[in-house]
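Text of the file entry_9.tsv, holding TSV, C-alpha atoms and all ligand atoms:
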chain	number	residue	atom	x	y	z
A	1	MET	CA	0.00	0.00	0.00
A	2	LYS	CA	1.55	3.28	-1.10
A	3	ILE	CA	1.64	5.94	1.63
A	4	ASP	CA	2.74	9.57	1.56
A	5	VAL	CA	5.19	11.43	3.81
A	6	THR	CA	2.49	12.61	6.25
A	7	GLU	CA	1.09	9.09	6.66
A	8	ALA	CA	4.57	7.63	7.12
A	9	ILE	CA	5.32	10.12	9.91
A	10	LYS	CA	2.01	9.38	11.61
A	11	LEU	CA	2.44	5.61	11.43
A	12	LEU	CA	6.04	5.70	12.70
A	13	ASN	CA	5.16	7.94	15.63
A	14	ALA	CA	2.27	5.61	16.48
A	15	GLY	CA	4.65	2.62	16.70
A	16	ASP	CA	4.09	1.05	13.28
A	17	VAL	CA	6.65	-0.29	10.83
A	18	VAL	CA	6.78	1.21	7.33
A	19	ALA	CA	9.14	0.92	4.36
A	20	LEU	CA	11.01	4.05	3.29
A	21	PRO	CA	13.26	4.88	0.35
A	22	THR	CA	16.90	5.74	0.92
A	23	GLU	CA	19.64	6.52	-1.59
A	24	THR	CA	21.25	3.12	-0.98
A	25	VAL	CA	18.34	0.65	-0.67
A	26	TYR	CA	14.82	0.76	0.79
A	27	GLY	CA	14.64	0.38	4.57
A	28	LEU	CA	12.11	-1.10	6.98
A	29	ALA	CA	11.71	1.66	9.55
A	30	ALA	CA	10.67	1.82	13.20
A	31	SER	CA	11.01	4.59	15.77
A	32	ILE	CA	13.73	4.14	18.37
A	33	HIS	CA	11.06	5.06	20.94
A	34	HIS	CA	8.94	1.99	20.09
A	35	PRO	CA	10.73	-1.21	21.14
A	36	GLU	CA	7.71	-3.33	20.13
A	37	ALA	CA	7.94	-1.96	16.58
A	38	ILE	CA	11.67	-2.78	16.56
A	39	SER	CA	10.87	-6.37	17.55
A	40	LYS	CA	8.28	-6.52	14.79
A	41	ILE	CA	10.99	-5.68	12.24
A	42	PHE	CA	12.95	-8.81	13.25
A	43	LEU	CA	9.79	-10.92	12.92
A	44	LEU	CA	8.78	-9.46	9.57
A	45	LYS	CA	12.22	-9.98	8.05
A	46	GLY	CA	12.91	-13.33	9.69
A	47	ARG	CA	16.09	-11.67	10.92
A	48	PRO	CA	18.23	-13.42	13.56
A	49	SER	CA	18.06	-11.49	16.84
A	50	ASN	CA	21.88	-11.37	17.00
A	51	ASN	CA	22.04	-9.05	13.99
A	52	PRO	CA	21.85	-5.40	15.11
A	53	LEU	CA	20.12	-2.57	13.22
A	54	ILE	CA	21.45	0.73	11.87
A	55	LEU	CA	20.06	3.84	13.59
A	56	HIS	CA	19.26	6.60	11.09
A	57	VAL	CA	19.52	10.19	12.28
A	58	ASN	CA	18.68	13.64	11.01
A	59	ALA	CA	21.38	15.54	12.91
A	60	VAL	CA	24.84	14.83	14.31
A	61	ASP	CA	23.64	16.08	17.72
A	62	GLN	CA	21.36	13.06	17.92
A	63	VAL	CA	24.40	10.79	17.62
A	64	LEU	CA	26.23	12.73	20.34
A	65	ASP	CA	23.26	12.17	22.59
A	66	TYR	CA	23.64	8.37	22.35
A	67	ALA	CA	27.40	8.01	22.00
A	68	GLU	CA	29.62	7.20	24.94
A	69	GLN	CA	32.86	7.86	23.07
A	70	ILE	CA	33.59	9.83	19.93
A	71	PRO	CA	36.67	8.41	18.16
A	72	PRO	CA	39.20	10.67	16.40
A	73	SER	CA	38.22	11.77	12.87
A	74	PHE	CA	34.52	11.14	13.57
A	75	PHE	CA	33.62	14.75	12.76
A	76	ASP	CA	35.84	14.75	9.65
A	77	LEU	CA	34.09	11.61	8.38
A	78	VAL	CA	30.68	13.06	9.10
A	79	GLU	CA	31.53	16.35	7.42
A	80	SER	CA	32.79	14.57	4.31
A	81	PHE	CA	30.20	11.82	3.90
A	82	TRP	CA	26.96	12.74	5.71
A	83	PRO	CA	24.27	12.84	4.63
A	84	GLY	CA	25.11	9.79	2.55
A	85	PRO	CA	25.96	6.09	2.39
A	86	LEU	CA	28.37	5.89	5.32
A	87	THR	CA	27.54	4.10	8.59
A	88	LEU	CA	29.69	4.63	11.68
A	89	VAL	CA	29.73	2.20	14.60
A	90	LEU	CA	30.17	3.88	17.99
A	91	LYS	CA	30.15	2.85	21.64
A	92	VAL	CA	26.86	4.05	23.15
A	93	ARG	CA	25.18	4.65	26.46
A	94	THR	CA	23.29	1.38	26.32
A	95	GLU	CA	20.38	2.53	28.47
A	96	LYS	CA	19.45	4.94	25.68
A	97	VAL	CA	18.99	2.33	22.91
A	98	PRO	CA	16.63	-0.66	23.21
A	99	SER	CA	18.76	-3.79	23.44
A	100	GLN	CA	17.05	-5.62	20.56
A	101	ALA	CA	18.11	-2.79	18.19
A	102	ARG	CA	21.72	-3.29	19.33
A	103	ALA	CA	21.40	-7.10	19.45
A	104	GLY	CA	22.76	-6.76	22.96
A	105	LEU	CA	26.02	-5.10	21.86
A	106	ALA	CA	27.39	-1.98	23.56
A	107	THR	CA	27.70	-0.27	20.17
A	108	VAL	CA	25.29	1.21	17.64
A	109	ALA	CA	25.77	1.80	13.93
A	110	PHE	CA	24.66	5.31	12.89
A	111	ARG	CA	23.86	6.73	9.47
A	112	MET	CA	22.42	10.00	8.15
A	113	PRO	CA	20.77	9.15	4.83
A	114	SER	CA	20.49	11.72	2.03
A	115	HIS	CA	17.26	10.76	0.22
A	116	PRO	CA	15.04	13.89	0.47
A	117	LEU	CA	11.91	11.92	1.43
A	118	VAL	CA	13.51	10.05	4.30
A	119	ARG	CA	15.00	13.34	5.52
A	120	LYS	CA	11.53	14.91	5.57
A	121	ILE	CA	10.41	12.03	7.75
A	122	LEU	CA	13.42	12.07	10.07
A	123	ALA	CA	12.75	15.78	10.66
A	124	LYS	CA	9.44	14.81	12.32
A	125	THR	CA	10.27	11.52	14.03
A	126	PRO	CA	12.84	10.28	16.53
A	127	PRO	CA	15.83	8.45	14.98
A	128	LEU	CA	14.70	5.39	13.03
A	129	VAL	CA	16.18	1.90	13.00
A	130	MET	CA	16.15	0.72	9.42
A	131	PRO	CA	17.46	-2.56	8.07
A	132	SER	CA	17.15	-3.15	4.34
A	133	ALA	CA	13.50	-3.79	3.40
A	134	ASN	CA	13.81	-7.40	2.28
A	135	LEU	CA	13.25	-10.83	3.78
A	136	SER	CA	16.40	-11.88	5.60
A	137	GLY	CA	18.92	-13.33	3.13
A	138	SER	CA	17.15	-12.00	0.01
A	139	PRO	CA	18.41	-9.22	-2.24
A	140	SER	CA	17.83	-5.75	-0.80
A	141	ALA	CA	14.87	-3.81	-2.21
A	142	THR	CA	15.78	-0.93	-4.53
A	143	GLN	CA	12.21	-0.17	-5.64
A	144	ALA	CA	8.86	0.06	-3.86
A	145	ALA	CA	7.68	-2.93	-5.92
A	146	HIS	CA	10.46	-5.08	-4.40
A	147	VAL	CA	9.16	-4.27	-0.92
A	148	GLU	CA	5.67	-5.35	-2.03
A	149	THR	CA	7.06	-8.61	-3.38
A	150	ASP	CA	8.58	-9.46	0.00
A	151	PHE	CA	5.98	-8.07	2.41
A	152	GLY	CA	2.75	-8.01	0.39
A	153	LEU	CA	0.67	-5.38	-1.38
A	154	ASP	CA	-0.91	-4.23	1.90
A	155	PHE	CA	2.40	-3.33	3.49
A	156	PRO	CA	2.84	0.46	3.87
A	157	VAL	CA	5.61	1.76	1.61
A	158	LEU	CA	6.63	5.28	0.66
A	159	ASP	CA	7.59	5.20	-3.01
A	160	GLY	CA	10.71	7.29	-3.59
A	161	GLY	CA	11.62	5.84	-6.98
A	162	SER	CA	14.57	3.53	-7.68
A	163	SER	CA	17.38	3.80	-5.13
A	164	LYS	CA	20.13	5.80	-6.78
A	165	VAL	CA	23.10	3.89	-5.35
A	166	GLY	CA	21.56	0.42	-5.22
A	167	LEU	CA	24.07	-1.07	-2.75
A	168	GLU	CA	24.10	-0.70	1.02
A	169	SER	CA	26.17	1.84	2.96
A	170	THR	CA	29.82	1.30	3.83
A	171	ILE	CA	30.23	0.49	7.54
A	172	LEU	CA	33.26	1.76	9.48
A	173	PHE	CA	34.13	0.86	13.06
A	174	TYR	CA	36.97	2.09	15.26
A	175	GLN	CA	39.40	-0.40	16.75
A	176	ASP	CA	43.06	-0.36	17.83
A	177	ASP	CA	43.37	3.37	17.12
A	178	GLN	CA	42.07	3.20	13.57
A	179	TRP	CA	38.89	3.11	11.52
A	180	MET	CA	38.29	-0.21	9.76
A	181	ILE	CA	35.74	-1.35	7.20
A	182	GLY	CA	33.13	-3.74	8.59
A	183	ARG	CA	31.13	-3.91	5.37
A	184	ARG	CA	32.19	-2.75	1.94
A	185	GLY	CA	29.59	-0.49	0.43
A	186	ALA	CA	28.73	2.50	-1.67
A	187	ILE	CA	31.73	4.54	-0.52
A	188	ILE	CA	34.97	2.96	-1.72
A	189	HIS	CA	37.95	2.66	0.56
A	190	GLU	CA	40.10	5.05	-1.53
A	191	ASN	CA	37.66	7.85	-0.67
A	192	PHE	CA	38.64	7.66	2.98
A	193	TYR	CA	42.32	8.40	2.42
A	194	PRO	CA	41.99	12.19	2.02
A	195	VAL	CA	39.92	12.34	5.22
A	196	LEU	CA	41.74	9.85	7.45
A	197	GLY	CA	45.25	10.04	6.02
A	198	TYR	CA	45.29	6.24	5.71
A	199	HIS	CA	43.41	3.51	3.90
A	200	PRO	CA	41.07	1.77	6.34
A	201	LEU	CA	41.64	-1.98	6.40
A	202	ILE	CA	38.90	-4.48	5.75
A	203	GLY	CA	38.09	-5.57	9.29
A	204	ASP	CA	35.66	-8.33	8.48
A	205	THR	CA	36.86	-11.89	8.25
A	206	ARG	CA	34.84	-15.00	7.72
A	207	GLU	CA	36.02	-16.42	11.05
A	208	LYS	CA	34.93	-13.50	13.16
A	209	PRO	CA	32.70	-10.98	11.43
A	210	VAL	CA	32.52	-7.56	13.02
A	211	CYS	CA	29.13	-6.88	11.45
A	212	PRO	CA	27.05	-9.91	12.41
A	213	GLY	CA	24.92	-9.53	9.28
A	214	GLN	CA	27.91	-10.39	7.11
A	215	MET	CA	28.14	-13.97	8.37
A	216	HIS	CA	25.81	-15.88	6.11
A	217	ARG	CA	24.62	-16.30	2.54
A	218	HIS	CA	23.08	-12.93	1.83
A	219	TYR	CA	21.61	-10.71	-0.86
A	220	ALA	CA	20.79	-13.91	-2.75
A	221	PRO	CA	18.20	-14.66	-5.42
A	222	LYS	CA	16.62	-18.13	-5.49
A	223	ALA	CA	18.49	-18.76	-8.74
A	224	LYS	CA	21.85	-20.49	-8.40
A	225	LEU	CA	24.57	-18.01	-9.33
A	226	ASN	CA	27.62	-19.50	-11.04
A	227	LEU	CA	30.47	-17.01	-10.93
A	228	CYS	CA	32.35	-17.40	-14.22
A	229	TYR	CA	35.92	-16.13	-14.33
A	230	ALA	CA	36.76	-17.30	-17.86
A	231	ASN	CA	35.87	-14.70	-20.44
A	232	MET	CA	34.77	-16.98	-23.25
A	233	GLY	CA	31.80	-19.13	-24.05
A	234	LEU	CA	29.22	-18.16	-21.44
A	235	THR	CA	26.10	-20.21	-22.13
A	236	GLY	CA	22.53	-20.27	-20.83
A	237	VAL	CA	21.23	-17.29	-18.89
A	238	VAL	CA	24.02	-14.75	-18.39
A	239	VAL	CA	24.42	-11.67	-16.21
A	240	GLY	CA	26.92	-9.57	-18.12
A	241	PHE	CA	27.86	-6.26	-19.67
A	242	SER	CA	26.42	-4.31	-22.58
A	243	ASP	CA	29.85	-3.72	-24.14
A	244	LYS	CA	30.47	-7.46	-24.55
A	245	ASP	CA	28.97	-10.16	-26.76
A	246	TYR	CA	27.68	-13.44	-25.42
A	247	PRO	CA	26.97	-15.40	-28.62
A	248	LYS	CA	26.25	-18.67	-26.79
A	249	ALA	CA	23.86	-17.20	-24.23
A	250	SER	CA	20.13	-17.89	-24.36
A	251	LYS	CA	19.36	-14.65	-22.52
A	252	VAL	CA	21.49	-11.80	-21.13
A	253	PHE	CA	20.71	-9.50	-18.20
A	254	HIS	CA	22.88	-6.40	-18.56
A	255	LEU	CA	24.60	-4.72	-15.61
A	256	GLY	CA	25.50	-1.77	-17.86
A	257	THR	CA	28.95	-1.02	-19.23
A	258	LEU	CA	32.35	-2.07	-17.91
A	259	THR	CA	33.34	1.56	-17.50
A	260	ARG	CA	30.56	2.44	-15.02
A	261	PRO	CA	30.51	0.40	-11.81
A	262	GLU	CA	27.81	2.74	-10.40
A	263	GLN	CA	25.52	1.45	-13.13
A	264	ALA	CA	26.16	-2.18	-12.20
A	265	ALA	CA	25.64	-1.31	-8.51
A	266	SER	CA	22.28	0.27	-9.16
A	267	LYS	CA	21.05	-2.64	-11.28
A	268	LEU	CA	22.39	-5.69	-9.42
A	269	TYR	CA	19.56	-6.38	-6.96
A	270	ALA	CA	16.81	-5.55	-9.48
A	271	ILE	CA	18.34	-8.15	-11.81
A	272	PHE	CA	18.52	-10.72	-9.00
A	273	ARG	CA	14.84	-10.13	-8.34
A	274	GLN	CA	13.96	-10.31	-12.02
A	275	LEU	CA	15.66	-13.72	-12.26
A	276	ASP	CA	13.31	-14.97	-9.56
A	277	GLU	CA	10.28	-13.39	-11.18
A	278	GLU	CA	11.12	-15.18	-14.42
A	279	LYS	CA	11.66	-18.42	-12.43
A	280	ILE	CA	15.20	-18.78	-13.74
A	281	THR	CA	17.00	-21.38	-11.66
A	282	GLN	CA	20.61	-21.08	-12.86
A	283	VAL	CA	22.57	-18.13	-14.12
A	284	ASN	CA	26.16	-17.56	-15.20
A	285	VAL	CA	27.66	-14.29	-14.03
A	286	ASP	CA	30.46	-12.75	-16.10
A	287	MET	CA	33.11	-11.95	-13.49
A	288	ALA	CA	35.59	-10.50	-16.03
A	289	PHE	CA	35.27	-6.91	-14.80
A	290	PRO	CA	37.80	-4.66	-13.05
A	291	ARG	CA	38.91	-5.28	-9.45
A	292	SER	CA	39.03	-1.75	-8.10
A	293	GLY	CA	36.81	0.81	-6.46
A	294	LEU	CA	33.10	0.04	-6.39
A	295	TRP	CA	33.66	-3.16	-8.37
A	296	LEU	CA	35.14	-4.64	-5.18
A	297	THR	CA	31.84	-4.05	-3.36
A	298	ILE	CA	30.01	-5.70	-6.25
A	299	VAL	CA	32.35	-8.73	-6.09
A	300	GLU	CA	31.73	-9.00	-2.36
A	301	ARG	CA	27.92	-9.00	-2.85
A	302	LEU	CA	28.19	-11.60	-5.63
A	303	LEU	CA	30.34	-13.83	-3.41
A	304	LYS	CA	27.82	-13.58	-0.55
A	305	ALA	CA	24.88	-14.12	-2.91
A	306	SER	CA	26.45	-17.25	-4.39
A	307	ALA	CA	27.62	-18.72	-1.07
A	308	LYS	CA	26.20	-22.11	-0.07
A	401	LIG	O1	22.48	1.32	3.27
A	401	LIG	C1	22.18	0.80	4.34
A	401	LIG	O2	22.98	0.69	5.28
A	401	LIG	C2	20.74	0.29	4.49
A	401	LIG	C3	19.78	1.47	4.44
A	401	LIG	C4	18.34	1.09	4.67
A	401	LIG	O3	20.20	2.45	5.35
A	401	LIG	N1	20.59	-0.49	5.67
A	401	LIG	C5	21.13	-1.73	5.82
A	401	LIG	O4	20.78	-2.35	7.01
A	401	LIG	O5	21.84	-2.25	4.99
A	401	LIG	P1	20.94	-3.94	7.24
A	401	LIG	O6	20.25	-4.18	8.53
A	401	LIG	O7	20.45	-4.67	6.07
A	401	LIG	O8	22.47	-4.12	7.43
A	401	LIG	C6	23.07	-3.58	8.59
A	401	LIG	C7	24.43	-4.15	8.79
A	401	LIG	C8	24.42	-5.60	9.24
A	401	LIG	O9	25.46	-6.29	8.57
A	401	LIG	C9	24.70	-5.49	10.73
A	401	LIG	O10	25.34	-6.62	11.26
A	401	LIG	C10	25.59	-4.27	10.79
A	401	LIG	O11	25.02	-3.39	9.85
A	401	LIG	N2	25.54	-3.60	12.10
A	401	LIG	C11	24.50	-2.97	12.69
A	401	LIG	N3	24.81	-2.54	13.92
A	401	LIG	C12	26.10	-2.90	14.14
A	401	LIG	C13	27.02	-2.75	15.22
A	401	LIG	N4	26.67	-2.17	16.35
A	401	LIG	N5	28.27	-3.24	15.07
A	401	LIG	C14	28.64	-3.84	13.92
A	401	LIG	N6	27.82	-4.03	12.86
A	401	LIG	C15	26.57	-3.57	12.97
A	402	MG	MG	20.27	-6.12	4.75
As structure tokens, what does this structure read like?
Ligand code: TXA
Ligand code: MG
Amino acid sequence: MKIDVTEAIKLLNAGDVVALPTETVYGLAASIHHPEAISKIFLLKGRPSNNPLILHVNAVDQVLDYAEQIPPSFFDLVESFWPGPLTLVLKVRTEKVPSQARAGLATVAFRMPSHPLVRKILAKTPPLVMPSANLSGSPSATQAAHVETDFGLDFPVLDGGSSKVGLESTILFYQDDQWMIGRRGAIIHENFYPVLGYHPLIGDTREKPVCPGQMHRHYAPKAKLNLCYANMGLTGVVVGFSDKDYPKASKVFHLGTLTRPEQAASKLYAIFRQLDEEKITQVNVDMAFPRSGLWLTIVERLLKASAK
């Protein structure tokens, strides 16, 4: 059910859950002042209770209100990347944030989104927890229609068009005197150098993930994704690039051109969802694209989506 900004504000302040557009992906929102609505998000998504939620704010002062410690360079990061697709994990005063939102941790991940509609809402609500608006494990929603596919036509969603970025925010956390990347995302690690004076390391490992949500198969369509590293002879259904030919393919889903990773980022989840809509069970993904910048985030999502 499509709702407008006024209805979204009313529902959120009354303790309901609604889906909102952001520049990265759509989010399933609940007010930080309504713990029962936060619990409902976990139920709706089928999300494990040990996977904490990102708290979305409208002003840096709101973060300062919750935070117990502000690490060095926090304000530089915020000035450079907020509002936008950067999430910062901070130690918080735990009594101020319902424990289910934090999954019992003593930290909270904060983000100030830039989509104008979500900003209008955040101006009239308390901070909002907002995981991606998809069933747990499925591809994130980048259109209102994707939210309806996962949660039904009656579910309240504010339609803000297709998400511009199409991949989730980059998550940074502070450990051992440096910022580290907990989840690759829309902001590439090279962009942090001018602000931090160093390249943040990738802090997530498969043995001990820093962001609990990065542990499992994720972002995945029902179709089996075969990641194909050889350039030649891709057969069957192919996910590939418009500047290449796939003469042996029966059908090609295009991620755009090899020169524009932002294009591939914005199309990836919509293509995953289209595969399922067309009941395609197997697909060969052309992995012969660059390994730099945003492409590295795309590789990471493809690896997670094809994991057993
Ligand atoms: O772009 C985005 O970040 C989107 C939009 C809606 O803002 N949100 C999003 O939320 O991707 P979600 O719930 O799908 O992913 C949140 C990730 C999970 O991997 C979770 O484990 C991690 O953030 N996370 C949340 N709180 C954390 C914390 N305190 N410490 C470490 N990781 C945390
Ligand atoms: Mg998610």
Next item on the list: Could you give me the residues within 6 Å of ligand LIG 401 (chain A), counting only C-alpha atoms and all ligand atoms, as a ChimeraX atom specification?
Entry: /A:24-27,51-54,85,89,102,107-109,130-132,168-169,210-214
Notebook entry, point to check: Nearest to ligand MG 402 (chain A) among A:Phe173, A:Tyr219, A:Tyr193, A:Phe74, with distances taken over only C-alpha atoms and all ligand atoms: which residue is it?
Noted result: A:Tyr219
Checklist line | Interatomic distance (Å, one decimal) between atom CA of Arg93 of chain A and atom CA of Val129 of chain A | finding: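 Computing it gives 16.4 Å between the two atoms.
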Next item on the list: Work out how far atom CA of Ala101 of chain A is from atom CA of Arg184 of chain A, in Å to one decimal.
Entry: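 Those two atoms sit 21.5 Å apart.
Take atom CA of Asn134 of chain A and atom CA of Ala270 of chain A: the distance between them is 12.3 Å.
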Check: Hey, which of A:Leu268, A:Ala288, A:Val299, A:Val97 ends up closest to Pro139 of chain A? Count all atoms listed in the file.
Finding: A:Leu268
Margin query: Considering all atoms listed in the file, can you say which of A:Ala133, A:Ile9, A:Val195, A:Ala220 comes closest to ligand MG 402 (chain A)?
Written below: A:Ala133
Note to self: Please return as JSON, numbers by chain every residue within 12 Å of (25.8, -20.6, -20.6), taking into account all atoms listed in the file and the file's own coordinates.
What the structure shows: {"A": [225, 226, 227, 228, 230, 231, 232, 233, 234, 235, 236, 237, 238, 239, 240, 246, 247, 248, 249, 250, 251, 252, 282, 283, 284, 285, 286]}
Margin query: Could you list, as a list of chain:residue names, every residue within 9 Å of Phe42 of chain A, counting all atoms listed in the file and ignoring same-chain residues fewer than 6 positions away?
Written below: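 Counting only the stated atoms, we get A:Pro48, A:Ser49, A:Gln100, A:Ser136.
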Margin query: Measuring between all atoms listed in the file, which one of A:Leu135, A:Ile171, A:Val5, A:Leu302 shows the shortest distance to ligand MG 402 (chain A)?
Written below: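 Ranked by minimum distance to ligand MG 402 (chain A), first place goes to A:Leu135.
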Next item on the list: May I have the residues within 8 Å of His56 of chain A as JSON, numbers by chain, using only C-alpha atoms and disregarding those fewer than 4 positions away in the same chain?
Entry: {"A": [110, 111, 112, 113, 127, 128, 129, 130]}
